[in-house]
Amino acid sequence: MNKTIRRASVFALLLVLALLVRATWVQFYDGQALADDKDNRRNTIELYSEPLGNIVVGGKAVTGSAPMKSGDLAYKRTYTDGSLYAAVTGYSSQAFGATQLEGVYRDLLDGTDNRLKSVLDTVTNKRSDPGNVITTIDPSVQKAAYDALGDNKGAAVAIDPATGKILAVVSTPSYDPSRITTGDSDAWKQLTGDSDKPMTNRALRQPLPPGSTFKLVVAAAALEDGLYSSVDEKTDSPDPFPLPQSSSKLTNENPSAPCENASIRVALQYSCNNVFASLAVDLGQDKVRATAEKFGFNDDEQDVPVRAYESVYPTGMDGAQTALSGIGQFDVTATPLQMAMVSAAIANDGKLVSPHMVSQITDGGGDVLENYDDSAGSEEIVSSDTAEQLQSAMQTVVEKGTGTNAQIPGATVGGKTGTAQHGENNSKTPYAWFTSYGKADGKEVAVAVVVEQSDAARSEVSGNGLAAPVARKVMEAALQG
């Protein structure tokens, strides 16, 4: 064999080897990447080739699957009372993916979760029967919150303080996930382009200034630190309160309220800004932040199991900003979930049980794969003495303070109102807040409500006027159900 032929043979061999390497690479690496690509139509065809598992509320499935009449997809997702439960279920769409519980438990609901596989499924690589998600949501409490919010833009969360079970998650205006399950682009554009943002989960994923509801956190910090030993001890709080490092003075909404040097109980009753601004400054931002973080603020991994947006108590504030943070303003933000957690911990004698809205996940036959009720841990946020004092002070708010619209005959109710400024120089309609707890006949519930926008005149926007009646309806449903 001459040199030229030998070189040509070697070159040809190298080309063959290169082709073999490339084919192997495509088969074992690129092939898997292509298979996993979200734009691979085969994945969607496989996903909807069989009915999906269901999300269950109160023992009944609020989701389903229906045969498609045409096309290459065999089934589509369906929803019962879709608008009522959208903030819980999210959506599963043939074109737009999945969110909320539909997204978190996608593998379980489509049968690809390895925990669902039998030995035979593993050998044959057959898709398993799908599993189901059993929620903690109470349908009567969910409906009470949804109906009470009505046409208002807002949200509500209800938690059982003793167990951490989330009984209601409502965001309004809502939407029906059934509209987008088949990938209707017109419906998608309408929903995503709506200025009212119906697809935003305001209960879990839209932090807003909590206003005076945050005063409960500051009061807890003051009692835990020993700055004051009792909610009935007079404070050193001038009215109006001169903001440190500023020429401005902080006044109160009600100029005739007995806020000068008021006790924490009286300050919560009348929602005295001067007292809580003074407490925040005296404690210092680090101590307030430490207490806030115990309640759940500044946690960017708050899963219930849907990931909630972080509620924030800021850092690096000057004296005036620290004072304003004491009344839930400046850069303080909170979700309704977070403020419900504050009331839940206080109502549960200072212990916060991990909030969760899924009780169990099961396989297709109903066997439990994981029980979240059993694994819900608890943490002491404040001492039982501090919690009992705050419970008493919150009851005063409802009995004869700014939260009288939350009163329920035959029940013990405590609460705190909030009216948070919105826009530059408070130029936009304020946010109306109410966080509360109710107890009756061995039952208890913690509820937080925010009304972001309503048809009420600006002068009528208040936590007591707009949010407390919603909380009352939710608590009634939980306590009487």
# chains A, B, ... in the order shown; residues from 1 in each chain; ligands from 1
call {"tool": "residues_around", "arguments": {"residues": "Ser311 in chain A", "least_positions_apart": "2", "cutoff": "6 Å", "atoms": "only C-alpha atoms", "output": "PyMOL selection string"}}
result
chain A and resi 297-298+333-334
call {"tool": "closest_atom_pairs", "arguments": {"of": "range 145-184 of chain A", "to": "range 366-388 of chain A", "cutoff": "10 Å", "atoms": "only C-alpha atoms", "output": "CSV"}}
result
residue,atom,partner,partner_atom,distance
A:Ala162,CA,A:Ser378,CA,9.4
A:Thr163,CA,A:Asp373,CA,7.5
A:Gly164,CA,A:Ala376,CA,7.2
A:Lys165,CA,A:Asp373,CA,7.7
call {"tool": "write_last_selection", "arguments": {"atoms": "all heavy atoms", "output": "compact mmCIF listing (two decimals), in the first residue's frame"}}
result
# COMPACT_ATOMS: atom_id res chain seq x y z
N ALA A 162 -53.48 26.06 65.15
CA ALA A 162 -53.00 24.88 65.88
C ALA A 162 -52.34 23.86 64.98
O ALA A 162 -51.47 23.10 65.43
CB ALA A 162 -54.17 24.23 66.63
N THR A 163 -52.73 23.82 63.71
CA THR A 163 -52.22 22.78 62.80
C THR A 163 -51.40 23.34 61.64
O THR A 163 -50.68 22.58 60.98
CB THR A 163 -53.38 21.97 62.19
OG1 THR A 163 -54.20 22.83 61.38
CG2 THR A 163 -54.24 21.36 63.30
N GLY A 164 -51.52 24.63 61.36
CA GLY A 164 -50.85 25.23 60.21
C GLY A 164 -51.58 25.00 58.91
O GLY A 164 -51.11 25.45 57.85
N LYS A 165 -52.72 24.32 58.95
CA LYS A 165 -53.46 24.08 57.71
C LYS A 165 -54.01 25.39 57.16
O LYS A 165 -54.65 26.15 57.90
CB LYS A 165 -54.61 23.10 57.96
CG LYS A 165 -54.18 21.69 58.29
CD LYS A 165 -55.40 20.79 58.48
CE LYS A 165 -54.99 19.36 58.78
NZ LYS A 165 -56.18 18.48 58.97
call {"tool": "select_by_dssp", "arguments": {"residues": "range 202-428 of chain A", "states": "helix (DSSP H, G or I)", "output": "compact mmCIF listing (two decimals) with N, CA, C and O atoms, in the first residue's frame"}}
result
# COMPACT_ATOMS: atom_id res chain seq x y z
N ARG A 202 -52.60 37.41 44.59
CA ARG A 202 -52.36 38.47 45.57
C ARG A 202 -52.22 37.93 47.00
O ARG A 202 -51.61 38.59 47.84
N ALA A 203 -52.77 36.77 47.26
CA ALA A 203 -52.70 36.20 48.60
C ALA A 203 -51.29 35.76 48.97
O ALA A 203 -50.87 35.88 50.12
N LEU A 204 -50.55 35.24 47.97
CA LEU A 204 -49.24 34.67 48.23
C LEU A 204 -48.09 35.42 47.56
O LEU A 204 -46.95 35.35 48.03
N ARG A 205 -48.39 36.13 46.48
CA ARG A 205 -47.30 36.58 45.63
C ARG A 205 -47.35 38.07 45.27
O ARG A 205 -46.80 38.49 44.26
N GLY A 211 -48.99 48.54 56.55
CA GLY A 211 -49.56 49.58 57.39
C GLY A 211 -49.57 49.18 58.86
O GLY A 211 -48.67 48.49 59.34
N SER A 212 -50.62 49.56 59.55
CA SER A 212 -50.66 49.41 61.00
C SER A 212 -50.79 47.97 61.48
O SER A 212 -50.64 47.71 62.68
N THR A 213 -51.07 47.01 60.58
CA THR A 213 -51.08 45.62 61.03
C THR A 213 -49.68 45.20 61.50
O THR A 213 -49.54 44.32 62.35
N PHE A 214 -48.65 45.87 60.97
CA PHE A 214 -47.28 45.55 61.36
C PHE A 214 -46.99 45.98 62.80
O PHE A 214 -46.00 45.52 63.39
N LYS A 215 -47.83 46.81 63.35
CA LYS A 215 -47.63 47.24 64.74
C LYS A 215 -47.64 46.07 65.72
O LYS A 215 -47.06 46.14 66.79
N LEU A 216 -48.31 44.97 65.33
CA LEU A 216 -48.29 43.77 66.18
C LEU A 216 -46.88 43.21 66.30
O LEU A 216 -46.47 42.75 67.37
N VAL A 217 -46.12 43.25 65.22
CA VAL A 217 -44.74 42.76 65.23
C VAL A 217 -43.87 43.65 66.12
O VAL A 217 -43.07 43.16 66.92
N VAL A 218 -44.07 44.95 66.03
CA VAL A 218 -43.29 45.89 66.84
C VAL A 218 -43.65 45.73 68.31
O VAL A 218 -42.79 45.76 69.19
N ALA A 219 -44.94 45.55 68.59
CA ALA A 219 -45.38 45.34 69.98
C ALA A 219 -44.76 44.06 70.53
O ALA A 219 -44.31 44.02 71.69
N ALA A 220 -44.73 43.01 69.72
CA ALA A 220 -44.12 41.75 70.15
C ALA A 220 -42.64 41.95 70.47
O ALA A 220 -42.13 41.44 71.47
N ALA A 221 -41.95 42.71 69.62
CA ALA A 221 -40.53 42.96 69.84
C ALA A 221 -40.30 43.73 71.14
O ALA A 221 -39.37 43.43 71.89
N ALA A 222 -41.16 44.70 71.41
CA ALA A 222 -41.00 45.51 72.62
C ALA A 222 -41.21 44.69 73.88
O ALA A 222 -40.49 44.84 74.87
N LEU A 223 -42.20 43.80 73.85
CA LEU A 223 -42.48 42.96 75.01
C LEU A 223 -41.40 41.89 75.19
O LEU A 223 -40.97 41.62 76.32
N GLU A 224 -40.97 41.28 74.10
CA GLU A 224 -39.94 40.25 74.18
C GLU A 224 -38.61 40.82 74.64
O GLU A 224 -37.86 40.19 75.38
N ASP A 225 -38.31 42.04 74.22
CA ASP A 225 -37.05 42.68 74.60
C ASP A 225 -37.06 43.17 76.04
O ASP A 225 -36.01 43.41 76.62
N ILE A 264 -49.31 50.05 75.19
CA ILE A 264 -49.39 49.29 73.94
C ILE A 264 -50.84 48.89 73.66
O ILE A 264 -51.28 48.94 72.51
N ARG A 265 -51.60 48.55 74.71
CA ARG A 265 -52.99 48.19 74.50
C ARG A 265 -53.78 49.36 73.89
O ARG A 265 -54.48 49.20 72.89
N VAL A 266 -53.64 50.52 74.51
CA VAL A 266 -54.36 51.70 74.02
C VAL A 266 -53.85 52.09 72.64
O VAL A 266 -54.63 52.48 71.76
N ALA A 267 -52.55 51.95 72.42
CA ALA A 267 -51.96 52.31 71.13
C ALA A 267 -52.48 51.40 70.01
O ALA A 267 -52.70 51.84 68.88
N LEU A 268 -52.67 50.11 70.32
CA LEU A 268 -53.26 49.22 69.34
C LEU A 268 -54.75 49.53 69.15
O LEU A 268 -55.27 49.51 68.04
N GLN A 269 -55.42 49.83 70.24
CA GLN A 269 -56.86 50.14 70.20
C GLN A 269 -57.15 51.33 69.28
O GLN A 269 -58.07 51.29 68.47
N TYR A 270 -56.34 52.37 69.40
CA TYR A 270 -56.54 53.59 68.61
C TYR A 270 -55.59 53.68 67.42
O TYR A 270 -55.62 54.66 66.67
N ASN A 273 -49.85 56.03 65.84
CA ASN A 273 -48.59 56.01 65.10
C ASN A 273 -47.41 56.41 65.95
O ASN A 273 -46.31 55.84 65.84
N ASN A 274 -47.62 57.41 66.80
CA ASN A 274 -46.50 57.93 67.59
C ASN A 274 -45.89 56.86 68.50
O ASN A 274 -44.68 56.80 68.68
N VAL A 275 -46.74 56.00 69.07
CA VAL A 275 -46.25 54.99 70.01
C VAL A 275 -45.36 53.98 69.29
O VAL A 275 -44.26 53.66 69.76
N PHE A 276 -45.80 53.51 68.15
CA PHE A 276 -45.04 52.44 67.48
C PHE A 276 -43.83 52.98 66.73
O PHE A 276 -42.84 52.27 66.58
N ALA A 277 -43.89 54.21 66.31
CA ALA A 277 -42.68 54.84 65.77
C ALA A 277 -41.64 54.98 66.88
O ALA A 277 -40.45 54.70 66.67
N SER A 278 -42.10 55.38 68.06
CA SER A 278 -41.20 55.52 69.20
C SER A 278 -40.61 54.17 69.61
O SER A 278 -39.41 54.05 69.88
N LEU A 279 -41.46 53.12 69.63
CA LEU A 279 -40.98 51.79 69.99
C LEU A 279 -39.91 51.31 69.01
O LEU A 279 -38.88 50.75 69.42
N ALA A 280 -40.14 51.53 67.73
CA ALA A 280 -39.18 51.09 66.72
C ALA A 280 -37.84 51.79 66.88
O ALA A 280 -36.78 51.16 66.76
N VAL A 281 -37.89 53.08 67.16
CA VAL A 281 -36.65 53.84 67.35
C VAL A 281 -35.93 53.40 68.62
O VAL A 281 -34.71 53.21 68.63
N ASP A 282 -36.69 53.22 69.71
CA ASP A 282 -36.07 52.80 70.97
C ASP A 282 -35.47 51.40 70.88
O ASP A 282 -34.40 51.14 71.44
N LEU A 283 -36.15 50.50 70.18
CA LEU A 283 -35.64 49.14 70.01
C LEU A 283 -34.46 49.12 69.05
O LEU A 283 -33.49 48.38 69.24
N GLN A 285 -33.62 49.18 64.65
CA GLN A 285 -34.10 48.36 63.53
C GLN A 285 -33.66 46.91 63.62
O GLN A 285 -34.37 46.00 63.19
N ASP A 286 -32.50 46.63 64.20
CA ASP A 286 -32.00 45.26 64.27
C ASP A 286 -32.90 44.38 65.13
O ASP A 286 -33.18 43.22 64.78
N LYS A 287 -33.37 44.89 66.25
CA LYS A 287 -34.24 44.11 67.13
C LYS A 287 -35.62 43.92 66.51
O LYS A 287 -36.21 42.84 66.62
N VAL A 288 -36.13 44.95 65.86
CA VAL A 288 -37.42 44.81 65.18
C VAL A 288 -37.30 43.79 64.06
O VAL A 288 -38.17 42.92 63.88
N ARG A 289 -36.20 43.86 63.32
CA ARG A 289 -35.99 42.93 62.21
C ARG A 289 -35.90 41.49 62.72
O ARG A 289 -36.45 40.57 62.11
N ALA A 290 -35.21 41.30 63.83
CA ALA A 290 -35.05 39.95 64.37
C ALA A 290 -36.41 39.34 64.70
O ALA A 290 -36.67 38.16 64.41
N THR A 291 -37.29 40.14 65.29
CA THR A 291 -38.63 39.64 65.60
C THR A 291 -39.44 39.41 64.33
O THR A 291 -40.13 38.39 64.18
N ALA A 292 -39.34 40.35 63.40
CA ALA A 292 -40.06 40.19 62.13
C ALA A 292 -39.64 38.92 61.41
O ALA A 292 -40.47 38.18 60.86
N GLU A 293 -38.35 38.62 61.43
CA GLU A 293 -37.85 37.43 60.74
C GLU A 293 -38.30 36.16 61.44
O GLU A 293 -38.49 35.12 60.78
N LYS A 294 -38.51 36.20 62.74
CA LYS A 294 -39.07 35.03 63.42
C LYS A 294 -40.47 34.74 62.91
O LYS A 294 -40.87 33.57 62.78
N PHE A 295 -41.24 35.78 62.64
CA PHE A 295 -42.59 35.60 62.12
C PHE A 295 -42.59 35.16 60.65
O PHE A 295 -43.61 34.69 60.16
N GLY A 319 -32.78 57.00 61.15
CA GLY A 319 -33.72 57.08 62.27
C GLY A 319 -35.15 57.31 61.85
O GLY A 319 -36.09 56.67 62.36
N ALA A 320 -35.37 58.23 60.91
CA ALA A 320 -36.73 58.54 60.47
C ALA A 320 -37.35 57.34 59.76
O ALA A 320 -38.53 57.02 59.95
N GLN A 321 -36.54 56.68 58.95
CA GLN A 321 -37.05 55.51 58.23
C GLN A 321 -37.38 54.37 59.19
O GLN A 321 -38.37 53.66 59.00
N THR A 322 -36.55 54.21 60.23
CA THR A 322 -36.83 53.19 61.24
C THR A 322 -38.15 53.48 61.93
O THR A 322 -38.96 52.57 62.18
N ALA A 323 -38.40 54.76 62.24
CA ALA A 323 -39.66 55.15 62.86
C ALA A 323 -40.84 54.80 61.96
O ALA A 323 -41.85 54.24 62.41
N LEU A 324 -40.73 55.12 60.67
CA LEU A 324 -41.81 54.83 59.74
C LEU A 324 -42.00 53.33 59.55
O LEU A 324 -43.13 52.86 59.34
N SER A 325 -40.92 52.56 59.65
CA SER A 325 -41.05 51.10 59.54
C SER A 325 -41.88 50.56 60.70
O SER A 325 -42.53 49.52 60.57
N PRO A 336 -50.63 38.83 52.37
CA PRO A 336 -51.67 38.39 53.30
C PRO A 336 -51.29 37.09 54.03
O PRO A 336 -51.61 36.92 55.21
N LEU A 337 -50.59 36.19 53.34
CA LEU A 337 -50.12 34.98 54.02
C LEU A 337 -49.26 35.34 55.22
O LEU A 337 -49.43 34.79 56.31
N GLN A 338 -48.33 36.28 55.03
CA GLN A 338 -47.43 36.65 56.12
C GLN A 338 -48.19 37.25 57.29
O GLN A 338 -47.92 36.91 58.45
N MET A 339 -49.15 38.13 57.03
CA MET A 339 -49.87 38.75 58.13
C MET A 339 -50.82 37.75 58.81
O MET A 339 -51.09 37.87 60.02
N ALA A 340 -51.30 36.75 58.07
CA ALA A 340 -52.07 35.68 58.70
C ALA A 340 -51.17 34.85 59.62
O ALA A 340 -51.60 34.39 60.69
N MET A 341 -49.91 34.67 59.22
CA MET A 341 -48.95 33.94 60.05
C MET A 341 -48.68 34.68 61.36
O MET A 341 -48.51 34.05 62.41
N VAL A 342 -48.65 36.01 61.31
CA VAL A 342 -48.45 36.80 62.54
C VAL A 342 -49.59 36.55 63.52
O VAL A 342 -49.37 36.24 64.70
N SER A 343 -50.82 36.64 63.04
CA SER A 343 -51.97 36.41 63.91
C SER A 343 -52.04 34.96 64.38
O SER A 343 -52.44 34.68 65.51
N ALA A 344 -51.67 34.03 63.50
CA ALA A 344 -51.70 32.61 63.85
C ALA A 344 -50.75 32.31 65.00
O ALA A 344 -51.08 31.57 65.94
N ALA A 345 -49.54 32.86 64.94
CA ALA A 345 -48.56 32.62 66.00
C ALA A 345 -49.02 33.22 67.32
O ALA A 345 -48.89 32.60 68.39
N ILE A 346 -49.59 34.42 67.28
CA ILE A 346 -50.09 35.05 68.50
C ILE A 346 -51.24 34.24 69.07
O ILE A 346 -51.31 33.99 70.28
N ALA A 347 -52.16 33.80 68.22
CA ALA A 347 -53.33 33.03 68.68
C ALA A 347 -52.93 31.68 69.24
O ALA A 347 -53.62 31.13 70.11
N TYR A 372 -48.21 15.70 54.85
CA TYR A 372 -47.62 16.96 55.28
C TYR A 372 -48.17 17.44 56.62
O TYR A 372 -47.54 18.25 57.29
N ASP A 373 -49.35 16.96 56.99
CA ASP A 373 -49.91 17.33 58.29
C ASP A 373 -49.02 16.80 59.41
O ASP A 373 -48.79 17.47 60.42
N ASP A 374 -48.53 15.58 59.22
CA ASP A 374 -47.70 14.96 60.26
C ASP A 374 -46.32 15.61 60.34
O ASP A 374 -45.68 15.59 61.40
N SER A 375 -45.86 16.16 59.22
CA SER A 375 -44.49 16.71 59.19
C SER A 375 -44.44 18.21 59.42
O SER A 375 -43.36 18.81 59.36
N SER A 384 -45.21 32.58 75.59
CA SER A 384 -46.65 32.46 75.79
C SER A 384 -47.21 33.68 76.51
O SER A 384 -48.34 34.10 76.24
N ASP A 385 -46.40 34.28 77.41
CA ASP A 385 -46.86 35.48 78.12
C ASP A 385 -47.05 36.64 77.14
O ASP A 385 -48.07 37.35 77.19
N THR A 386 -46.07 36.84 76.25
CA THR A 386 -46.21 37.90 75.24
C THR A 386 -47.41 37.63 74.35
O THR A 386 -48.19 38.56 74.05
N ALA A 387 -47.59 36.39 73.93
CA ALA A 387 -48.72 36.04 73.07
C ALA A 387 -50.05 36.30 73.76
O ALA A 387 -50.98 36.86 73.15
N GLU A 388 -50.16 35.93 75.03
CA GLU A 388 -51.42 36.14 75.76
C GLU A 388 -51.72 37.63 75.92
O GLU A 388 -52.87 38.06 75.80
N GLN A 389 -50.70 38.42 76.16
CA GLN A 389 -50.91 39.87 76.28
C GLN A 389 -51.36 40.48 74.95
O GLN A 389 -52.25 41.33 74.92
N LEU A 390 -50.75 40.02 73.87
CA LEU A 390 -51.14 40.55 72.55
C LEU A 390 -52.53 40.07 72.15
O LEU A 390 -53.30 40.82 71.53
N GLN A 391 -52.88 38.84 72.52
CA GLN A 391 -54.24 38.37 72.28
C GLN A 391 -55.25 39.29 72.97
O GLN A 391 -56.25 39.71 72.38
N SER A 392 -54.96 39.60 74.22
CA SER A 392 -55.85 40.47 74.99
C SER A 392 -55.96 41.85 74.36
O SER A 392 -57.06 42.41 74.24
N ALA A 393 -54.82 42.40 73.94
CA ALA A 393 -54.83 43.74 73.33
C ALA A 393 -55.58 43.72 71.99
O ALA A 393 -56.30 44.67 71.65
N MET A 394 -55.42 42.64 71.23
CA MET A 394 -56.13 42.53 69.95
C MET A 394 -57.64 42.40 70.17
O MET A 394 -58.44 42.89 69.36
N GLN A 395 -58.02 41.75 71.25
CA GLN A 395 -59.45 41.68 71.59
C GLN A 395 -60.00 43.06 71.90
O GLN A 395 -61.13 43.39 71.52
N THR A 396 -59.20 43.88 72.56
CA THR A 396 -59.62 45.26 72.85
C THR A 396 -59.86 46.03 71.56
O THR A 396 -60.79 46.83 71.46
N VAL A 397 -59.00 45.80 70.56
CA VAL A 397 -59.16 46.46 69.26
C VAL A 397 -60.53 46.15 68.67
O VAL A 397 -61.21 47.05 68.12
N VAL A 398 -60.96 44.90 68.78
CA VAL A 398 -62.23 44.48 68.18
C VAL A 398 -63.41 44.89 69.06
O VAL A 398 -64.48 45.25 68.55
N GLU A 399 -63.24 44.82 70.36
CA GLU A 399 -64.36 45.12 71.26
C GLU A 399 -64.69 46.61 71.30
O GLU A 399 -65.86 46.99 71.31
N LYS A 400 -63.64 47.47 71.29
CA LYS A 400 -63.92 48.90 71.44
C LYS A 400 -62.88 49.79 70.76
O LYS A 400 -62.73 50.97 71.13
N THR A 404 -64.05 47.12 65.25
CA THR A 404 -65.35 46.63 65.75
C THR A 404 -66.16 45.88 64.71
O THR A 404 -67.05 45.09 65.06
N ASN A 405 -65.89 46.10 63.43
CA ASN A 405 -66.65 45.40 62.38
C ASN A 405 -66.31 43.91 62.29
O ASN A 405 -66.94 43.18 61.51
N ALA A 406 -65.34 43.47 63.08
CA ALA A 406 -64.97 42.05 63.07
C ALA A 406 -65.65 41.27 64.18
O ALA A 406 -65.42 40.06 64.31
N GLU A 424 -46.99 58.23 45.70
CA GLU A 424 -46.18 59.34 46.20
C GLU A 424 -47.07 60.32 46.95
O GLU A 424 -48.11 60.75 46.47
N ASN A 425 -46.65 60.63 48.18
CA ASN A 425 -47.41 61.53 49.05
C ASN A 425 -48.84 61.02 49.27
O ASN A 425 -49.78 61.79 49.41
N ASN A 426 -48.97 59.67 49.30
CA ASN A 426 -50.27 59.04 49.54
C ASN A 426 -51.31 59.50 48.53
O ASN A 426 -52.49 59.70 48.85
call {"tool": "residues_around", "arguments": {"residues": "range 431-436 of chain A", "least_positions_apart": "2", "cutoff": "6 Å", "atoms": "only C-alpha atoms", "output": "number ranges by chain"}}
result
A: 343, 414-420, 446-452, 462-463, 467-468
call {"tool": "write_last_selection", "arguments": {"atoms": "N, CA and C atoms", "output": "compact mmCIF listing (two decimals), in the first residue's frame"}}
result
# COMPACT_ATOMS: atom_id res chain seq x y z
N SER A 343 -50.82 36.64 63.04
CA SER A 343 -51.97 36.41 63.91
C SER A 343 -52.04 34.96 64.38
N GLY A 414 -59.88 38.70 68.08
CA GLY A 414 -58.87 39.75 68.22
C GLY A 414 -58.39 40.16 66.85
N GLY A 415 -58.00 41.42 66.71
CA GLY A 415 -57.58 41.86 65.38
C GLY A 415 -56.78 43.13 65.41
N LYS A 416 -56.30 43.51 64.25
CA LYS A 416 -55.60 44.77 64.07
C LYS A 416 -55.87 45.29 62.67
N THR A 417 -56.29 46.53 62.62
CA THR A 417 -56.56 47.19 61.34
C THR A 417 -55.28 47.80 60.78
N GLY A 418 -55.34 48.10 59.49
CA GLY A 418 -54.24 48.81 58.85
C GLY A 418 -54.75 49.54 57.63
N THR A 419 -54.28 50.77 57.46
CA THR A 419 -54.58 51.54 56.25
C THR A 419 -53.25 52.06 55.75
N ALA A 420 -52.71 51.39 54.73
CA ALA A 420 -51.35 51.68 54.29
C ALA A 420 -51.35 52.70 53.16
N ALA A 446 -57.00 31.96 62.04
CA ALA A 446 -56.33 33.25 61.86
C ALA A 446 -56.57 33.69 60.42
N VAL A 447 -56.91 34.96 60.25
CA VAL A 447 -57.29 35.46 58.93
C VAL A 447 -56.61 36.80 58.66
N ALA A 448 -56.10 36.96 57.46
CA ALA A 448 -55.59 38.26 57.02
C ALA A 448 -56.26 38.63 55.71
N VAL A 449 -56.64 39.89 55.59
CA VAL A 449 -57.34 40.39 54.41
C VAL A 449 -56.71 41.70 53.99
N VAL A 450 -56.53 41.87 52.70
CA VAL A 450 -56.16 43.16 52.15
C VAL A 450 -57.13 43.51 51.03
N VAL A 451 -57.63 44.72 51.06
CA VAL A 451 -58.44 45.25 49.96
C VAL A 451 -57.59 46.31 49.29
N GLU A 452 -57.13 45.96 48.10
CA GLU A 452 -56.21 46.83 47.37
C GLU A 452 -56.95 47.98 46.70
N SER A 462 -60.71 52.10 54.87
CA SER A 462 -60.06 51.81 56.15
C SER A 462 -60.07 50.31 56.37
N GLY A 463 -59.18 49.86 57.24
CA GLY A 463 -59.15 48.44 57.56
C GLY A 463 -60.45 47.98 58.17
N ALA A 467 -61.82 45.81 55.14
CA ALA A 467 -61.20 44.49 55.32
C ALA A 467 -61.78 43.70 56.48
N ALA A 468 -62.12 44.37 57.58
CA ALA A 468 -62.65 43.66 58.75
C ALA A 468 -63.94 42.90 58.46
call {"tool": "closest_residue", "arguments": {"among": "A:Gln421, A:Gln94, A:Asn254, A:Thr402", "to": "Ser185 in chain A", "atoms": "only C-alpha atoms"}}
result
A:Gln94
call {"tool": "closest_residue", "arguments": {"among": "A:Asp138, A:Leu108, A:Asp72, A:Ala12", "to": "Ser359 in chain A", "atoms": "only C-alpha atoms"}}
result
A:Asp138
call {"tool": "select_by_dssp", "arguments": {"residues": "range 249-345 of chain A", "states": "strand (DSSP E or B)", "output": "number ranges by chain"}}
result
A: 249-250, 263, 302-303, 307-308, 312, 333-334
call {"tool": "atom_distance", "arguments": {"atom1": "CA of Gln142 in chain A", "atom2": "CA of Tyr313 in chain A"}}
result
29.2 Å
call {"tool": "residues_around", "arguments": {"residues": "Leu73 in chain A", "least_positions_apart": "2", "cutoff": "6 Å", "atoms": "only C-alpha atoms", "output": "PyMOL selection string"}}
result
chain A and resi 45+48+71+75
call {"tool": "atom_distance", "arguments": {"atom1": "CA of Lys143 in chain A", "atom2": "CA of Thr63 in chain A"}}
result
16.6 Å
